[in-house]
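Text of upload-v1.cif, listed as mmCIF, C-alpha atoms:
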```
data_structure
loop_
_atom_site.label_atom_id
_atom_site.label_comp_id
_atom_site.auth_asym_id
_atom_site.auth_seq_id
_atom_site.Cartn_x
_atom_site.Cartn_y
_atom_site.Cartn_z
CA MET A 1 -27.40 -68.79 11.83
CA ARG A 2 -27.81 -67.07 15.13
CA ARG A 3 -24.29 -67.89 16.22
CA PHE A 4 -22.87 -66.45 13.07
CA LYS A 5 -24.54 -63.10 13.69
CA VAL A 6 -23.06 -62.85 17.17
CA PHE A 7 -19.66 -63.50 15.72
CA ILE A 8 -19.94 -60.49 13.41
CA LEU A 9 -20.99 -58.29 16.28
CA ILE A 10 -17.98 -59.26 18.29
CA ALA A 11 -15.70 -58.64 15.37
CA LEU A 12 -17.11 -55.17 14.99
CA CYS A 13 -16.65 -54.46 18.67
CA LEU A 14 -13.05 -55.44 18.41
CA CYS A 15 -12.55 -53.46 15.29
CA ILE A 16 -13.96 -50.10 16.28
CA PRO A 17 -11.68 -49.34 19.22
CA VAL A 18 -8.68 -50.22 17.09
CA LEU A 19 -9.76 -47.72 14.43
CA VAL A 20 -10.41 -45.00 16.97
CA PHE A 21 -7.02 -45.61 18.52
CA ALA A 22 -5.30 -45.32 15.15
CA ALA A 23 -7.07 -42.06 14.34
CA GLN A 24 -6.11 -40.58 17.69
CA THR A 25 -2.48 -41.49 17.52
CA GLY A 26 -2.37 -40.19 13.96
CA GLN A 27 -3.49 -36.79 15.14
CA THR A 28 -1.56 -36.45 18.35
CA LYS A 29 1.80 -37.96 17.52
CA LYS A 30 4.20 -35.09 17.76
CA ALA A 31 7.44 -34.51 15.94
CA ASN A 32 10.61 -34.97 17.99
CA SER A 33 13.09 -33.32 15.66
CA ILE A 34 13.26 -30.62 13.00
CA ASP A 35 13.58 -33.37 10.40
CA GLU A 36 10.49 -35.16 11.70
CA LEU A 37 8.45 -31.96 11.72
CA ALA A 38 9.66 -31.12 8.21
CA LYS A 39 8.63 -34.63 7.12
CA MET A 40 5.13 -34.23 8.60
CA TYR A 41 4.76 -31.17 6.36
CA ASP A 42 6.80 -32.46 3.44
CA VAL A 43 5.87 -30.73 0.18
CA SER A 44 8.64 -32.01 -2.06
CA SER A 45 6.07 -34.27 -3.77
CA CYS A 46 3.87 -31.28 -4.72
CA LYS A 47 6.69 -30.00 -6.91
CA MET A 48 6.27 -32.88 -9.32
CA CYS A 49 2.87 -31.66 -10.54
CA HIS A 50 2.81 -28.01 -9.44
CA GLU A 51 6.33 -27.06 -10.42
CA LYS A 52 5.72 -23.42 -11.35
CA ILE A 53 3.83 -22.73 -8.11
CA TYR A 54 6.48 -24.55 -6.10
CA ASN A 55 9.29 -22.50 -7.61
CA GLU A 56 7.39 -19.25 -7.03
CA TRP A 57 6.69 -20.15 -3.42
CA ALA A 58 10.34 -21.13 -2.86
CA LYS A 59 11.36 -17.52 -3.60
CA SER A 60 8.95 -16.05 -1.04
CA LEU A 61 9.56 -15.25 2.60
CA HIS A 62 6.93 -17.86 3.47
CA ALA A 63 9.50 -20.46 2.40
CA ARG A 64 11.94 -19.26 5.09
CA SER A 65 9.56 -18.06 7.76
CA ILE A 66 11.76 -18.67 10.81
CA TYR A 67 14.91 -17.69 8.98
CA GLY A 68 13.87 -14.48 7.18
CA PRO A 69 15.36 -12.84 4.08
CA GLU A 70 18.01 -15.00 2.43
CA THR A 71 20.62 -12.26 2.65
CA SER A 72 20.17 -11.49 6.36
CA GLY A 73 18.42 -14.27 8.25
CA ARG A 74 16.84 -11.46 10.22
CA THR A 75 14.04 -13.55 11.66
CA ALA A 76 16.41 -16.16 13.09
CA ALA A 77 18.54 -13.34 14.53
CA THR A 78 15.46 -11.77 16.12
CA LEU A 79 14.49 -15.11 17.64
CA LYS A 80 17.81 -14.99 19.47
CA THR A 81 17.12 -11.44 20.66
CA THR A 82 13.73 -12.66 21.84
CA ILE A 83 15.40 -15.32 23.97
CA ILE A 84 18.07 -13.02 25.40
CA ASN A 85 16.26 -9.69 25.79
CA GLY A 86 12.81 -11.16 26.34
CA LEU A 87 12.43 -14.67 27.71
CA MET A 88 15.66 -14.71 29.78
CA GLU A 89 15.05 -11.21 31.21
CA TRP A 90 11.46 -11.84 32.25
CA PRO A 91 11.46 -13.20 35.82
CA HIS A 92 8.33 -15.34 35.40
CA SER A 93 8.94 -16.91 31.98
CA GLY A 94 10.68 -20.00 33.35
CA VAL A 95 13.61 -19.36 31.01
CA LYS A 96 16.93 -18.73 32.72
CA LYS A 97 19.11 -20.07 29.94
CA PRO A 98 18.59 -20.97 26.27
CA GLU A 99 18.22 -24.66 27.24
CA ASP A 100 14.99 -23.81 29.10
CA VAL A 101 13.12 -22.64 25.98
CA LYS A 102 10.05 -24.75 25.19
CA VAL A 103 7.45 -24.82 22.41
CA GLU A 104 5.20 -22.58 24.51
CA HIS A 105 7.91 -19.89 24.58
CA LEU A 106 8.58 -20.01 20.87
CA MET A 107 4.84 -19.85 20.14
CA ILE A 108 4.92 -16.08 20.85
CA CYS A 109 6.57 -15.98 17.41
CA ALA A 110 5.63 -19.34 15.91
CA LYS A 111 1.92 -18.53 16.19
CA CYS A 112 2.45 -16.89 12.80
CA HIS A 113 6.00 -17.76 11.72
CA LEU A 114 5.56 -21.53 12.18
CA PRO A 115 2.08 -22.50 13.39
CA GLN A 116 2.86 -26.22 12.99
CA LEU A 117 5.31 -25.98 15.87
CA GLN A 118 2.18 -26.85 17.90
CA ASP A 119 2.58 -30.33 16.41
CA ALA A 120 6.09 -30.75 17.85
CA THR A 121 7.61 -31.55 21.24
CA ASP A 122 9.94 -29.35 23.29
CA LYS A 123 12.82 -31.28 21.73
CA VAL A 124 12.10 -29.45 18.49
CA ALA A 125 11.98 -26.11 20.29
CA GLN A 126 15.43 -26.93 21.69
CA GLU A 127 16.78 -27.92 18.29
CA ILE A 128 15.50 -24.64 16.81
CA VAL A 129 17.17 -22.65 19.60
CA LYS A 130 20.45 -24.49 19.08
CA ASN A 131 20.38 -23.80 15.35
CA VAL A 132 19.45 -20.15 15.89
CA TYR A 133 22.51 -19.72 18.11
CA ALA A 134 24.73 -21.65 15.68
CA PHE A 135 23.46 -19.60 12.74
CA THR A 136 24.25 -16.30 14.46
CA ALA A 137 27.74 -17.70 15.08
CA GLY A 138 28.14 -18.20 11.33
CA ASP A 139 27.14 -21.85 10.84
CA GLU A 140 25.74 -22.28 7.30
CA LYS A 141 24.37 -25.75 8.04
CA ALA A 142 22.28 -24.31 10.87
CA ALA A 143 20.74 -21.81 8.47
CA GLU A 144 19.79 -24.66 6.13
CA GLN A 145 18.27 -26.61 9.00
CA LEU A 146 16.12 -23.61 10.00
CA GLU A 147 14.95 -23.16 6.41
CA LYS A 148 13.53 -26.69 6.41
CA LEU A 149 10.69 -25.36 8.54
CA ASN A 150 8.36 -22.91 6.87
CA ILE A 151 4.91 -21.79 5.81
CA ASN A 152 4.39 -24.13 2.91
CA CYS A 153 1.66 -25.58 0.69
CA LEU A 154 0.31 -27.75 3.50
CA VAL A 155 0.03 -24.82 5.91
CA CYS A 156 -2.14 -22.70 3.58
CA HIS A 157 -3.89 -25.58 1.77
CA ASN A 158 -4.43 -27.85 4.75
CA ARG A 159 -3.49 -27.03 8.34
CA ASN A 160 -4.50 -23.36 8.35
CA ALA A 161 -6.99 -23.51 5.46
CA ILE A 162 -9.95 -23.63 7.84
CA ILE A 163 -10.27 -20.91 10.42
CA HIS A 164 -13.80 -21.52 11.79
CA LYS A 165 -13.35 -25.16 12.77
CA TRP A 166 -16.63 -25.57 14.65
CA ALA A 167 -18.57 -24.21 11.69
CA ASP A 168 -16.55 -25.72 8.84
CA GLY A 169 -14.88 -28.73 10.46
CA TYR A 170 -11.25 -29.59 11.08
CA PRO A 171 -8.92 -29.92 8.08
CA GLU A 172 -8.90 -33.51 6.82
CA LYS A 173 -5.50 -35.14 6.79
CA ASP A 174 -5.74 -36.54 3.28
CA ALA A 175 -7.14 -33.44 1.57
CA VAL A 176 -5.79 -30.32 -0.02
CA TYR A 177 -8.05 -27.28 0.17
CA GLY A 178 -8.53 -25.21 -2.95
CA SER A 179 -11.27 -23.75 -5.11
CA LYS A 180 -13.51 -26.83 -5.44
CA ASP A 181 -14.39 -30.37 -4.30
CA GLY A 182 -13.07 -33.33 -6.26
CA ALA A 183 -10.36 -35.92 -6.54
CA HIS A 184 -6.68 -35.11 -6.26
CA PRO A 185 -4.11 -37.42 -7.82
CA ALA A 186 -1.46 -37.08 -5.08
CA PRO A 187 -0.78 -40.30 -3.11
CA MET A 188 -1.14 -38.94 0.46
CA TYR A 189 -3.62 -36.21 -0.39
CA SER A 190 -6.23 -37.93 -2.50
CA LYS A 191 -9.04 -35.44 -1.91
CA LEU A 192 -9.58 -31.95 -3.16
CA LYS A 193 -11.85 -29.87 -0.95
CA LYS A 194 -13.25 -26.42 -1.32
CA GLY A 195 -11.48 -24.19 1.18
CA PRO A 196 -14.09 -21.86 2.70
CA VAL A 197 -11.69 -18.88 2.88
CA GLN A 198 -9.10 -19.67 0.21
CA LYS A 199 -9.81 -16.47 -1.70
CA GLU A 200 -10.58 -14.35 1.35
CA ALA A 201 -8.36 -11.84 3.15
CA ILE A 202 -8.88 -13.63 6.46
CA LEU A 203 -6.77 -16.57 5.24
CA CYS A 204 -3.79 -14.23 5.21
CA GLY A 205 -5.16 -12.15 8.09
CA GLN A 206 -4.81 -15.03 10.54
CA CYS A 207 -1.04 -14.41 10.53
CA HIS A 208 -0.68 -10.85 9.31
CA GLY A 209 -1.60 -9.35 12.64
CA LEU A 210 -4.13 -7.12 14.37
CA GLY A 211 -2.22 -5.86 17.39
CA PRO A 212 -1.16 -7.48 20.68
CA ASN A 213 -1.66 -11.28 20.59
CA PHE A 214 -3.78 -11.42 23.74
CA GLU A 215 -4.26 -15.18 23.81
CA LEU A 216 -0.58 -15.60 24.76
CA GLU A 217 0.61 -15.64 28.38
CA ASN A 218 2.89 -12.75 27.45
CA PRO A 219 1.48 -11.01 24.36
CA SER A 220 3.83 -10.30 21.48
CA GLN A 221 3.11 -7.93 18.60
CA CYS A 222 4.78 -8.06 15.21
CA ALA A 223 2.79 -7.56 12.02
CA THR A 224 -0.33 -5.37 12.45
CA LEU A 225 -1.08 -5.10 8.76
CA TYR A 226 -4.39 -6.98 8.80
CA GLY A 227 -5.60 -4.43 11.34
CA THR A 228 -4.95 -1.58 8.93
CA TYR A 229 -6.53 -3.61 6.11
CA LEU A 230 -9.72 -3.98 8.16
CA TRP A 231 -9.95 -0.59 9.83
CA ALA A 232 -8.39 1.72 7.28
CA TYR A 233 -8.76 0.00 3.89
CA THR A 234 -12.09 -1.85 3.96
CA ALA A 235 -13.37 0.88 6.29
CA GLU A 236 -12.87 3.33 3.41
CA GLY A 237 -14.57 1.10 0.87
CA GLY A 238 -11.54 -0.90 -0.31
CA GLN A 239 -12.72 -4.16 -1.84
CA GLU A 240 -9.68 -6.02 -3.07
CA LYS A 241 -8.37 -9.05 -1.25
CA CYS A 242 -4.73 -9.70 -0.42
CA GLN A 243 -4.70 -12.37 -3.13
CA ASP A 244 -5.91 -9.90 -5.81
CA CYS A 245 -2.91 -7.61 -5.40
CA HIS A 246 -0.19 -9.95 -4.17
CA MET A 247 -0.88 -12.99 -6.38
CA HIS A 248 -2.79 -11.69 -9.43
CA LYS A 249 -2.17 -7.97 -10.15
CA SER A 250 1.51 -8.35 -9.30
CA GLY A 251 1.80 -11.36 -11.60
CA LEU A 252 3.90 -12.99 -8.88
CA GLY A 253 1.50 -15.82 -8.01
CA HIS A 254 2.80 -17.74 -5.02
CA ASN A 255 5.92 -15.59 -4.78
CA MET A 256 4.14 -13.16 -2.47
CA GLN A 257 6.36 -10.12 -2.15
CA SER A 258 6.48 -6.56 -0.89
CA TYR A 259 8.80 -3.56 -0.95
CA ARG A 260 11.83 -5.54 -2.12
CA SER A 261 10.25 -6.41 -5.47
CA LYS A 262 9.97 -4.08 -8.47
CA GLU A 263 6.45 -5.38 -9.14
CA MET A 264 5.14 -4.38 -5.72
CA GLN A 265 7.06 -1.09 -5.69
CA LYS A 266 5.17 -0.09 -8.83
CA LEU A 267 1.83 -0.85 -7.19
CA ALA A 268 2.70 0.84 -3.91
CA VAL A 269 2.53 4.65 -4.10
CA ASP A 270 1.93 7.57 -6.44
CA PHE A 271 4.63 10.13 -5.90
CA HIS A 272 4.28 13.70 -7.11
CA VAL A 273 6.43 16.77 -6.48
CA GLU A 274 5.99 20.48 -7.39
CA VAL A 275 8.64 23.12 -6.81
CA LEU A 276 7.76 26.81 -6.78
CA PRO A 277 10.67 29.28 -6.61
CA HIS A 278 9.71 32.82 -5.55
CA TRP A 279 10.66 35.87 -3.49
CA TRP A 280 8.82 36.35 -0.25
CA ARG A 281 8.63 39.84 1.26
CA ASP A 282 8.09 40.66 4.89
CA GLY A 283 8.27 44.42 5.42
CA THR A 284 11.78 45.36 4.34
CA LYS A 285 13.06 41.79 4.45
CA MET A 286 13.25 39.88 1.17
CA ILE A 287 13.57 36.12 1.25
CA PRO A 288 14.12 34.11 -1.93
CA GLN A 289 12.83 30.61 -1.43
CA ALA A 290 11.70 27.45 -3.11
CA THR A 291 8.49 25.89 -1.87
CA VAL A 292 8.48 22.15 -2.38
CA LYS A 293 5.19 20.31 -2.29
CA VAL A 294 5.24 16.54 -2.05
CA GLU A 295 2.26 14.24 -2.45
CA ILE A 296 2.43 10.54 -1.63
CA LYS A 297 -0.64 8.42 -2.25
CA ASN A 298 -0.80 4.91 -0.85
CA ARG A 299 -2.39 2.53 -3.35
CA ALA A 300 -1.92 -0.63 -1.29
CA GLY A 301 -4.62 -2.29 0.78
CA HIS A 302 -3.08 -1.35 4.10
CA ALA A 303 -0.75 1.16 5.69
CA ILE A 304 2.86 1.47 4.42
CA PRO A 305 5.06 0.42 6.04
CA ASP A 306 3.88 -2.28 8.42
CA GLY A 307 5.73 -2.47 11.70
CA MET B 1 14.77 15.94 0.77
CA THR B 2 17.70 18.24 0.07
CA GLY B 3 18.37 21.59 -1.55
CA LYS B 4 21.80 22.14 -3.09
CA THR B 5 23.47 25.17 -4.62
CA LYS B 6 25.24 24.90 -7.99
CA ASP B 7 28.56 24.07 -6.38
CA GLY B 8 26.92 21.01 -4.80
CA LYS B 9 26.80 22.46 -1.30
CA GLU B 10 23.87 21.21 0.70
CA ILE B 11 21.87 24.16 2.05
CA PHE B 12 18.84 22.28 3.28
CA LYS B 13 18.17 18.77 4.45
CA GLN B 14 15.07 17.47 6.08
CA SER B 15 13.44 14.10 6.30
CA LYS B 16 10.05 12.81 7.30
CA ILE B 17 9.65 9.35 8.75
CA TYR B 18 6.52 7.30 8.15
CA MET B 19 6.09 4.31 10.45
CA PRO B 20 3.98 2.79 13.18
CA ILE B 21 5.36 3.51 16.65
CA PRO B 22 4.50 0.55 18.87
CA GLN B 23 4.32 0.84 22.62
CA GLN B 24 6.63 -1.11 24.91
CA ASN B 25 4.67 -3.74 26.83
CA GLY B 26 1.44 -1.77 26.49
CA ARG B 27 2.35 0.87 29.05
CA GLY B 28 4.08 4.21 29.37
CA ASP B 29 5.66 6.50 26.78
CA ARG B 30 8.47 4.35 25.37
CA MET B 31 8.53 2.78 21.95
CA GLY B 32 9.08 -0.97 21.79
CA ARG B 33 11.40 -2.36 19.16
CA GLY B 34 11.40 -6.16 19.29
CA PRO B 35 8.19 -8.10 18.55
CA TYR B 36 8.50 -9.77 21.98
CA GLU B 37 8.10 -6.42 23.78
CA LYS B 38 5.73 -4.55 21.48
CA SER B 39 2.10 -4.22 22.58
CA GLY B 40 -0.14 -1.41 21.46
CA MET B 41 0.64 1.75 19.52
CA LEU B 42 1.93 5.08 20.82
CA ARG B 43 1.49 6.83 17.52
CA ASP B 44 1.28 5.88 13.86
CA THR B 45 2.82 7.99 11.13
CA SER B 46 2.66 5.30 8.43
CA ILE B 47 0.90 6.23 5.22
CA PRO B 48 -2.72 5.10 5.43
CA PRO B 49 -4.30 3.22 2.51
CA HIS B 50 -6.44 5.26 0.08
CA LYS B 51 -5.01 8.46 1.56
CA THR B 52 -2.66 11.07 0.17
CA VAL B 53 -0.04 12.48 2.45
CA HIS B 54 0.94 16.10 1.73
CA GLU B 55 4.22 17.67 2.81
CA THR B 56 5.43 21.23 2.27
CA PHE B 57 9.02 22.38 2.64
CA ASP B 58 10.30 25.97 2.25
CA ILE B 59 13.96 26.22 1.33
CA ALA B 60 15.58 29.63 1.51
CA PHE B 61 18.22 30.46 -1.12
CA PRO B 62 21.48 31.33 0.67
CA MET B 63 22.19 35.01 1.28
CA GLU B 64 25.43 36.82 2.00
CA ASP B 65 26.36 40.12 3.62
CA VAL B 66 27.66 42.70 1.15
CA LYS B 67 29.01 46.11 2.19
CA ARG B 68 27.39 48.96 0.23
CA GLY B 69 28.90 52.28 1.38
CA ASP B 70 28.31 52.38 5.13
CA LYS B 71 25.63 49.78 5.12
CA ILE B 72 25.74 46.02 5.14
CA GLU B 73 23.06 44.53 2.94
CA LYS B 74 21.83 40.97 2.61
CA VAL B 75 22.22 39.90 -1.01
CA ILE B 76 21.32 36.62 -2.66
CA LYS B 77 24.40 34.46 -3.18
CA SER B 78 23.06 32.44 -6.05
CA GLY B 79 19.63 32.33 -7.67
CA GLU B 80 19.98 28.69 -8.62
CA MET B 81 19.23 25.60 -6.64
CA THR B 82 18.84 21.87 -7.21
CA VAL B 83 16.01 20.24 -5.31
CA ASP B 84 16.20 16.49 -4.69
CA VAL B 85 13.32 14.59 -3.19
CA GLU B 86 13.76 10.90 -2.50
CA LEU B 87 11.40 8.31 -1.10
CA TRP B 88 13.23 5.45 0.57
CA TYR B 89 11.96 2.24 2.12
CA LEU B 90 14.34 1.41 4.97
CA PRO B 91 13.46 -1.93 6.57
CA TYR B 92 16.14 -1.41 9.23
CA GLY B 93 15.60 2.32 9.55
CA ASN B 94 19.02 3.17 8.07
CA LYS B 95 20.63 3.36 4.65
CA GLN B 96 23.44 0.93 5.44
CA GLN B 97 21.33 -2.22 5.65
CA ASP B 98 19.15 -3.26 2.72
CA PRO B 99 17.81 0.17 1.64
CA PHE B 100 15.33 0.56 -1.24
CA LEU B 101 15.00 3.76 -3.23
CA TRP B 102 11.36 3.85 -4.40
CA HIS B 103 11.18 7.29 -6.02
CA LYS B 104 13.54 10.13 -6.85
CA TYR B 105 12.70 13.59 -8.12
CA THR B 106 15.27 16.19 -9.14
CA LYS B 107 14.71 19.71 -10.39
CA ASP B 108 16.92 22.73 -10.99
CA VAL B 109 15.10 25.94 -10.13
CA LYS B 110 15.91 29.63 -10.32
CA VAL B 111 14.74 32.89 -8.83
CA THR B 112 15.44 36.30 -10.36
CA THR B 113 18.54 38.04 -9.03
CA THR B 114 17.68 41.55 -10.20
CA GLY B 115 14.63 43.72 -9.55
CA LYS B 116 13.05 45.44 -6.59
#
```

Rewrite the coordinates I just gave you, this time as structure tokens.
Amino acid sequence: MRRFKVFILIALCLCIPVLVFAAQTGQTKKANSIDELAKMYDVSSCKMCHEKIYNEWAKSLHARSIYGPETSGRTAATLKTTIINGLMEWPHSGVKKPEDVKVEHLMICAKCHLPQLQDATDKVAQEIVKNVYAFTAGDEKAAEQLEKLNINCLVCHNRNAIIHKWADGYPEKDAVYGSKDGAHPAPMYSKLKKGPVQKEAILCGQCHGLGPNFELENPSQCATLYGTYLWAYTAEGGQEKCQDCHMHKSGLGHNMQSYRSKEMQKLAVDFHVEVLPHWWRDGTKMIPQATVKVEIKNRAGHAIPDG
Amino acid sequence: MTGKTKDGKEIFKQSKIYMPIPQQNGRGDRMGRGPYEKSGMLRDTSIPPHKTVHETFDIAFPMEDVKRGDKIEKVIKSGEMTVDVELWYLPYGNKQQDPFLWHKYTKDVKVTTTGK
């Protein structure tokens, strides 16, 4: 009897380190190619059951977040400018030529445009740079390759769903975060968990910018819209969340849009003009003039436009 | 916004730009353009939420010199004018690339051409 007990103990001892090892490698194994990174965040399976949401999302800029608008690829083009006019010009960046660009360099943009680049090696940074250059030289395939990486379901409903990780814990690998706890019938994501900030502005705010990104070695600044939401909109008593206007009132759901869409244009500003024609008299001088009064009221939850 | 006389001639054109004006590398008086070099804000003329922006423009009707006896008098050329006010969203800051016309207002107005 005694011997048997000892046996179990040994088995456990052997077992635990193996489990720990597996968990660690699962978390730290980094992607070595664009295709590997895209696979780590593969959402093609979500489409099967959430088809409407998937199709909405696919139309949004989140679905091409390092490429930019379909018609221009402006974001990819600006990544190239960043390399040439930024990284390669700065004497202390360590980048003398495009081949020197690493993940750390691209993070000045990827912080918000592709946060999961943190889960990739410098090989992926290099592949992105190569495709950015090829795209600006007219290579359609390169554009497609860049569009494989984006802000998708698993970014908002898993990786970036928890912002206060010490308070709320780290996102669990096999869970999707939504409005409640429960079971989820997807093979690799069998749990449904209540996301603590799913309906809060801060979920969007984590990428929509406050000002200079001070945590970077060389701060960048792109979107500052969340700053105006906090300090100009909520400061004046505004109570709606990003989700209320962009997903619900607009009727666009996961196709989060702005000035390009008719729906958002309608919600954006009240525009009112009065014209008063009259003669103005100054001593002997008579000046016929039209006074034009223009009123523009911003109805959004932040300044227009963002810069 | 523009003012045009009946023959379509533009007699007034003025625009107002609303946008944040980021500072280059957080120092000095130059605006930064690319996200890699922007840090801070020099000025911000974007339209704040919950707020109404008011603009006033005075457009003079065109006058012409007319000889009356010995004297040259300034006389109104035409008492009619078309006022166009347009609100554009220009993501690239110009009307060639991807411009969006959000609102357009047009009105024909008149002033009297006789009287003291």

Discussion item. Neighbouring residues of Val132 (chain A) were defined as those with any atom within 8 Å, considering all atoms listed in the file; residues of the same chain fewer than 4 positions away were excluded. Please report them as a ChimeraX atom specification.
Written reply: /A:76-77,79-80,128,136,142-143,146

Interface rows for chain A against chain B: nearest pair, Å to one decimal, 7 Å, only C-alpha atoms, as CSV:
```
residue,atom,partner,partner_atom,distance
A:Thr82,CA,B:Tyr36,CA,6.0
A:Gly86,CA,B:Tyr36,CA,6.3
A:Gly211,CA,B:Gly40,CA,6.4
A:Pro212,CA,B:Ser39,CA,5.0
A:Ser220,CA,B:Tyr36,CA,4.7
A:Gln221,CA,B:Pro35,CA,5.1
A:Cys222,CA,B:Pro35,CA,4.8
A:Ala232,CA,B:Pro49,CA,6.5
A:Tyr233,CA,B:Pro49,CA,5.7
A:Gln265,CA,B:Trp102,CA,6.7
A:Pro277,CA,B:Val111,CA,5.9
A:His278,CA,B:Val111,CA,6.0
A:Ile287,CA,B:Ala60,CA,6.8
A:Pro288,CA,B:Phe61,CA,5.5
A:Gln289,CA,B:Ala60,CA,4.1
A:Ala290,CA,B:Ile59,CA,5.1
A:Thr291,CA,B:Asp58,CA,4.5
A:Val292,CA,B:Phe57,CA,5.1
A:Lys293,CA,B:Thr56,CA,4.7
A:Val294,CA,B:Glu55,CA,5.1
A:Glu295,CA,B:His54,CA,4.8
A:Ile296,CA,B:Val53,CA,5.1
A:Lys297,CA,B:Thr52,CA,4.1
A:Asn298,CA,B:Pro49,CA,5.1
A:Arg299,CA,B:His50,CA,6.0
A:Ala300,CA,B:Pro49,CA,5.9
A:Gly301,CA,B:Pro49,CA,5.8
A:His302,CA,B:Pro49,CA,5.0
A:Ala303,CA,B:Pro48,CA,4.4
A:Ile304,CA,B:Ile47,CA,5.2
A:Pro305,CA,B:Ser46,CA,5.9
A:Asp306,CA,B:Pro20,CA,7.0
A:Gly307,CA,B:Pro20,CA,5.7
```

Item to complete: Could you tell me how far CA of His62 (chain A) lies from CA of Leu154 (chain A), in Å and to one decimal?
Response: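 We find that CA of His62 (chain A) and CA of Leu154 (chain A) lie 11.9 Å from each other.
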
Item to complete: Measuring atom to atom with all atoms listed in the file, identify which of A:Gln126, A:Lys111, A:Lys148, A:Gly138 is nearest to Ser72 (chain A).
Response: A:Gly138

Practice prompt. Please measure the separation of CA of Ser65 (chain A) and CA of Arg30 (chain B), giving the value in Å to one decimal.
Written response: 28.5 Å

Worksheet item: Between CA of Gly178 (chain A) and CA of Lys193 (chain A), what is the spacing in Å?
Response: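 These atoms are spaced 6.1 Å apart.
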
Discussion item. Would you pick out the contacts of Glu172 (chain A) at 12 Å or less, using all atoms listed in the file, so that residues sharing its chain but fewer than 3 positions from it are not included, and give the list as a PyMOL selection string?
Written reply: chain A and resi 23+26-27+154+157-162+165+168-169+175-177+188-195
